[in-house]
>>> print(open('model09.cif').read())   # mmCIF, C-alpha atoms
data_my_file
loop_
_atom_site.group_PDB
_atom_site.id
_atom_site.type_symbol
_atom_site.label_atom_id
_atom_site.label_comp_id
_atom_site.auth_asym_id
_atom_site.auth_seq_id
_atom_site.Cartn_x
_atom_site.Cartn_y
_atom_site.Cartn_z
ATOM 1 C CA MET A 1 52.397 -27.595 44.383
ATOM 2 C CA SER A 2 49.557 -25.254 43.493
ATOM 3 C CA LYS A 3 49.669 -22.979 40.491
ATOM 4 C CA PRO A 4 49.340 -19.193 40.775
ATOM 5 C CA ARG A 5 45.815 -17.794 41.013
ATOM 6 C CA SER A 6 44.546 -14.313 40.420
ATOM 7 C CA LEU A 7 43.775 -12.042 43.337
ATOM 8 C CA SER A 8 40.137 -11.771 42.216
ATOM 9 C CA ASP A 9 39.793 -15.544 42.724
ATOM 10 C CA LEU A 10 41.216 -15.366 46.249
ATOM 11 C CA LEU A 11 39.502 -12.217 47.499
ATOM 12 C CA PRO A 12 35.992 -13.621 48.179
ATOM 13 C CA GLY A 13 37.418 -16.386 50.375
ATOM 14 C CA LEU A 14 39.629 -13.969 52.272
ATOM 15 C CA THR A 15 36.905 -11.402 52.937
ATOM 16 C CA LYS A 16 33.995 -13.796 53.608
ATOM 17 C CA ASP A 17 34.553 -13.886 57.390
ATOM 18 C CA ILE A 18 35.025 -10.113 57.631
ATOM 19 C CA LEU A 19 32.266 -8.912 55.312
ATOM 20 C CA GLY A 20 29.823 -11.797 55.479
ATOM 21 C CA LYS A 21 27.443 -12.630 52.661
ATOM 22 C CA GLN A 22 25.887 -9.165 52.687
ATOM 23 C CA GLY A 23 29.282 -7.474 52.263
ATOM 24 C CA GLN A 24 30.045 -9.622 49.262
ATOM 25 C CA LEU A 25 26.706 -8.693 47.711
ATOM 26 C CA PHE A 26 27.515 -5.017 48.244
ATOM 27 C CA GLY A 27 30.955 -5.466 46.662
ATOM 28 C CA LYS A 28 29.467 -7.168 43.606
ATOM 29 C CA MET A 29 26.897 -4.402 43.307
ATOM 30 C CA LEU A 30 29.593 -1.704 43.515
ATOM 31 C CA ALA A 31 31.673 -3.411 40.850
ATOM 32 C CA GLU A 32 28.702 -3.571 38.470
ATOM 33 C CA TRP A 33 26.948 -0.318 39.457
ATOM 34 C CA THR A 34 27.205 1.307 36.007
ATOM 35 C CA HIS A 35 25.851 -1.852 34.377
ATOM 36 C CA ILE A 36 22.979 -2.159 36.883
ATOM 37 C CA ALA A 37 21.878 1.458 37.132
ATOM 38 C CA GLY A 38 22.828 2.637 33.656
ATOM 39 C CA ALA A 39 25.479 5.213 32.822
ATOM 40 C CA ASP A 40 23.249 8.233 33.464
ATOM 41 C CA ILE A 41 22.084 7.186 36.945
ATOM 42 C CA ALA A 42 25.509 5.808 37.909
ATOM 43 C CA ALA A 43 27.149 9.145 37.047
ATOM 44 C CA LYS A 44 24.869 10.939 39.517
ATOM 45 C CA THR A 45 24.773 8.372 42.336
ATOM 46 C CA THR A 46 27.067 6.300 44.549
ATOM 47 C CA PRO A 47 25.953 3.304 46.648
ATOM 48 C CA LEU A 48 26.916 3.863 50.284
ATOM 49 C CA ASP A 49 25.585 0.864 52.196
ATOM 50 C CA LEU A 50 23.121 -2.006 52.314
ATOM 51 C CA LYS A 51 21.214 -1.953 55.609
ATOM 52 C CA TYR A 52 19.465 -5.137 56.680
ATOM 53 C CA ALA A 53 16.839 -5.596 59.376
ATOM 54 C CA LYS A 54 18.250 -6.636 62.760
ATOM 55 C CA LYS A 55 16.678 -10.077 62.380
ATOM 56 C CA LEU A 56 18.479 -11.705 59.454
ATOM 57 C CA ASP A 57 16.840 -14.682 57.820
ATOM 58 C CA LYS A 58 16.646 -16.164 54.321
ATOM 59 C CA LYS A 59 13.964 -13.656 53.288
ATOM 60 C CA SER A 60 15.731 -10.552 54.640
ATOM 61 C CA GLN A 61 15.650 -7.623 52.311
ATOM 62 C CA ALA A 62 17.943 -4.638 52.463
ATOM 63 C CA THR A 63 17.567 -0.907 52.115
ATOM 64 C CA LEU A 64 20.157 0.575 49.779
ATOM 65 C CA HIS A 65 21.585 3.882 51.006
ATOM 66 C CA LEU A 66 22.466 5.864 47.911
ATOM 67 C CA ALA A 67 24.401 9.151 47.722
ATOM 68 C CA VAL A 68 22.728 11.404 45.161
ATOM 69 C CA GLN A 69 23.510 14.821 43.734
ATOM 70 C CA SER A 70 21.039 17.272 45.272
ATOM 71 C CA ALA A 71 19.789 18.501 41.920
ATOM 72 C CA TYR A 72 19.096 14.929 40.784
ATOM 73 C CA ALA A 73 17.315 13.588 43.900
ATOM 74 C CA LEU A 74 13.781 14.456 42.798
ATOM 75 C CA GLU A 75 14.249 12.986 39.325
ATOM 76 C CA LEU A 76 15.696 9.778 40.782
ATOM 77 C CA SER A 77 12.796 9.447 43.219
ATOM 78 C CA TYR A 78 10.543 8.896 40.199
ATOM 79 C CA GLN A 79 12.837 6.114 38.952
ATOM 80 C CA LYS A 80 13.297 4.414 42.331
ATOM 81 C CA SER A 81 11.023 1.429 41.660
ATOM 82 C CA LEU A 82 12.743 0.791 38.316
ATOM 83 C CA LEU A 83 16.151 0.870 40.013
ATOM 84 C CA ILE A 84 14.953 -1.555 42.716
ATOM 85 C CA GLU A 85 13.726 -3.879 39.963
ATOM 86 C CA ARG A 86 17.105 -3.698 38.174
ATOM 87 C CA LEU A 87 18.968 -4.405 41.417
ATOM 88 C CA ASN A 88 16.790 -7.407 42.229
ATOM 89 C CA MET A 89 17.275 -8.754 38.709
ATOM 90 C CA PHE A 90 21.039 -8.384 39.181
ATOM 91 C CA PHE A 91 20.984 -10.256 42.490
ATOM 92 C CA GLY A 92 18.600 -12.899 41.160
ATOM 93 C CA TYR A 93 16.136 -12.574 44.023
ATOM 94 C CA PRO A 94 14.297 -9.728 45.816
ATOM 95 C CA ALA A 95 17.295 -8.540 47.846
ATOM 96 C CA ILE A 96 16.392 -4.825 47.895
ATOM 97 C CA LYS A 97 13.103 -3.593 49.339
ATOM 98 C CA ASP A 98 13.787 0.153 49.338
ATOM 99 C CA ILE A 99 16.281 2.863 48.432
ATOM 100 C CA LYS A 100 17.061 5.660 50.827
ATOM 101 C CA MET A 101 18.509 8.633 48.991
ATOM 102 C CA VAL A 102 21.072 10.743 50.820
ATOM 103 C CA GLN A 103 21.824 14.101 49.229
ATOM 104 C CA HIS A 104 25.584 14.089 49.568
ATOM 105 C CA ASP A 105 27.283 16.687 47.391
ATOM 106 C CA ASN A 106 30.737 16.119 48.990
ATOM 107 C CA ILE A 107 30.866 12.552 47.678
ATOM 108 C CA MET A 108 29.174 13.384 44.418
ATOM 109 C CA GLY A 109 31.592 16.264 43.712
ATOM 110 C CA ASN A 110 34.342 13.658 43.212
ATOM 111 C CA LYS A 111 32.455 11.727 40.520
ATOM 112 C CA LYS A 112 33.819 11.973 37.020
ATOM 113 C CA PRO A 113 31.405 13.530 34.517
ATOM 114 C CA LEU A 114 30.011 11.373 31.732
ATOM 115 C CA ALA A 115 32.269 11.222 28.710
ATOM 116 C CA LYS A 116 30.751 13.007 25.761
ATOM 117 C CA PRO A 117 29.677 10.688 22.962
ATOM 118 C CA PRO A 118 31.942 10.462 19.923
ATOM 119 C CA ARG A 119 30.999 12.648 16.998
ATOM 120 C CA LEU A 120 29.433 11.183 13.881
ATOM 121 C CA LEU A 121 31.659 10.775 10.843
ATOM 122 C CA THR A 122 31.110 12.883 7.762
ATOM 123 C CA MET A 123 30.241 11.242 4.460
ATOM 124 C CA GLN A 124 33.744 12.061 3.200
ATOM 125 C CA GLU A 125 35.372 10.372 6.216
ATOM 126 C CA GLU A 126 33.190 7.279 5.688
ATOM 127 C CA GLN A 127 34.260 7.108 2.024
ATOM 128 C CA ILE A 128 37.944 7.424 2.935
ATOM 129 C CA LEU A 129 37.617 4.534 5.419
ATOM 130 C CA ASP A 130 35.807 2.411 2.812
ATOM 131 C CA LYS A 131 38.667 2.987 0.321
ATOM 132 C CA MET A 132 41.307 2.157 2.944
ATOM 133 C CA VAL A 133 39.808 -1.221 3.855
ATOM 134 C CA GLY A 134 38.244 -2.020 0.455
ATOM 135 C CA GLY A 135 41.154 -4.202 -0.693
ATOM 136 C CA ILE A 136 40.923 -6.578 2.285
ATOM 137 C CA GLN A 137 39.307 -9.866 1.237
ATOM 138 C CA GLU A 138 38.368 -11.276 4.654
ATOM 139 C CA ASN A 139 35.048 -9.719 5.713
ATOM 140 C CA ASP A 140 35.588 -10.013 9.483
ATOM 141 C CA LEU A 141 38.990 -8.349 9.309
ATOM 142 C CA GLN A 142 37.668 -5.662 6.959
ATOM 143 C CA MET A 143 34.775 -4.871 9.331
ATOM 144 C CA ALA A 144 37.048 -4.839 12.396
ATOM 145 C CA LEU A 145 39.499 -2.447 10.741
ATOM 146 C CA LYS A 146 36.692 -0.199 9.538
ATOM 147 C CA ASN A 147 35.225 -0.054 13.074
ATOM 148 C CA LEU A 148 38.672 0.747 14.464
ATOM 149 C CA GLY A 149 39.058 3.524 11.917
ATOM 150 C CA LYS A 150 35.625 4.929 12.839
ATOM 151 C CA ALA A 151 36.501 4.897 16.545
ATOM 152 C CA ILE A 152 39.798 6.694 15.989
ATOM 153 C CA THR A 153 38.384 9.229 13.523
ATOM 154 C CA SER A 154 35.363 10.055 15.717
ATOM 155 C CA ARG A 155 37.635 10.985 18.631
ATOM 156 C CA GLN A 156 39.612 13.472 16.588
ATOM 157 C CA THR A 157 38.385 17.046 16.725
ATOM 158 C CA LYS A 158 37.994 19.100 13.607
#
>>> encode(input="model09.cif", output="structure tokens")
Amino acid sequence: MSKPRSLSDLLPGLTKDILGKQGQLFGKMLAEWTHIAGADIAAKTTPLDLKYAKKLDKKSQATLHLAVQSAYALELSYQKSLLIERLNMFFGYPAIKDIKMVQHDNIMGNKKPLAKPPRLLTMQEEQILDKMVGGIQENDLQMALKNLGKAITSRQTK
């Protein structure tokens, strides 16, 4: 009798015949898009497709079709080679040869805006946190609780 497995373990095997190797690469890229592109670029772009040449071989490279906010297209065109380099580092080989930008405001209108960074704590708030965790002897626990306190306090508005 086999033990239960997570869906994420089963999915690649189930979709391999439908999507092929290229589809799995695209799925991995989508899942890690923010990590690959960076939060700023990922907030203004959405990968649409990987297009391969008709003749597929071991050295086939793809063109990434990328939906981009119209106002951001020019700025991204200057960063295209850097993004190709990041993608190829992610894949572990030169999988992407080019990026075709598609100005697609319908898709991009549904993207969530970047979350604003948490505010910095005041000196008084820092001192209060230090007093609260000062009596804890274990350094790791003290640091973890102080970081938790900073995270909670920085989200609160004044």
>>> residues_around(input="model09.cif", residues="Lys150 of chain A", least_positions_apart="3", cutoff="8 Å", atoms="all atoms listed in the file", output="PyMOL selection string")
chain A and resi 121+126+129+146-147+153-154
>>> residues_near_point(input="model09.cif", point="(18.3, 0.9, 40.6)", cutoff="10 Å", atoms="all atoms listed in the file", output="PyMOL selection string")
chain A and resi 33+36-38+41-42+64+66+76+79-90+96+98-99
>>> closest_residue(input="model09.cif", among="A:Ala43, A:His35, A:Lys54, A:Leu145", to="Val133 of chain A", atoms="all atoms listed in the file")
A:Leu145
>>> closest_residue(input="model09.cif", among="A:Gln69, A:Ser77, A:Gln61, A:Thr122", to="Pro94 of chain A", atoms="only C-alpha atoms")
A:Gln61
>>> atom_distance(input="model09.cif", atom1="atom CA of His104 of chain A", atom2="atom CA of Ala67 of chain A")
5.4 Å
>>> atom_distance(input="model09.cif", atom1="atom CA of Glu138 of chain A", atom2="atom CA of Ala151 of chain A")
20.2 Å
>>> atom_distance(input="model09.cif", atom1="atom CA of Leu74 of chain A", atom2="atom CA of Met29 of chain A")
23.0 Å
>>> closest_residue(input="model09.cif", among="A:His65, A:Arg119, A:Arg155, A:Lys131", to="Met101 of chain A", atoms="only C-alpha atoms")
A:His65
>>> residues_around(input="model09.cif", residues="Tyr52 of chain A", least_positions_apart="2", cutoff="8 Å", atoms="only C-alpha atoms", output="PDB file with C-alpha atoms, in the frame of the given file")
ATOM      1  CA  LEU A  50      23.121  -2.006  52.314  1.00  0.00           C
ATOM      2  CA  LYS A  54      18.250  -6.636  62.760  1.00  0.00           C
ATOM      3  CA  LEU A  56      18.479 -11.705  59.454  1.00  0.00           C
ATOM      4  CA  SER A  60      15.731 -10.552  54.640  1.00  0.00           C
ATOM      5  CA  GLN A  61      15.650  -7.623  52.311  1.00  0.00           C
ATOM      6  CA  ALA A  62      17.943  -4.638  52.463  1.00  0.00           C
ATOM      7  CA  THR A  63      17.567  -0.907  52.115  1.00  0.00           C
TER       8      THR A  63
END
>>> closest_residue(input="model09.cif", among="A:Thr45, A:Gly134, A:Gly92, A:Ser70", to="Leu25 of chain A", atoms="only C-alpha atoms")
A:Gly92
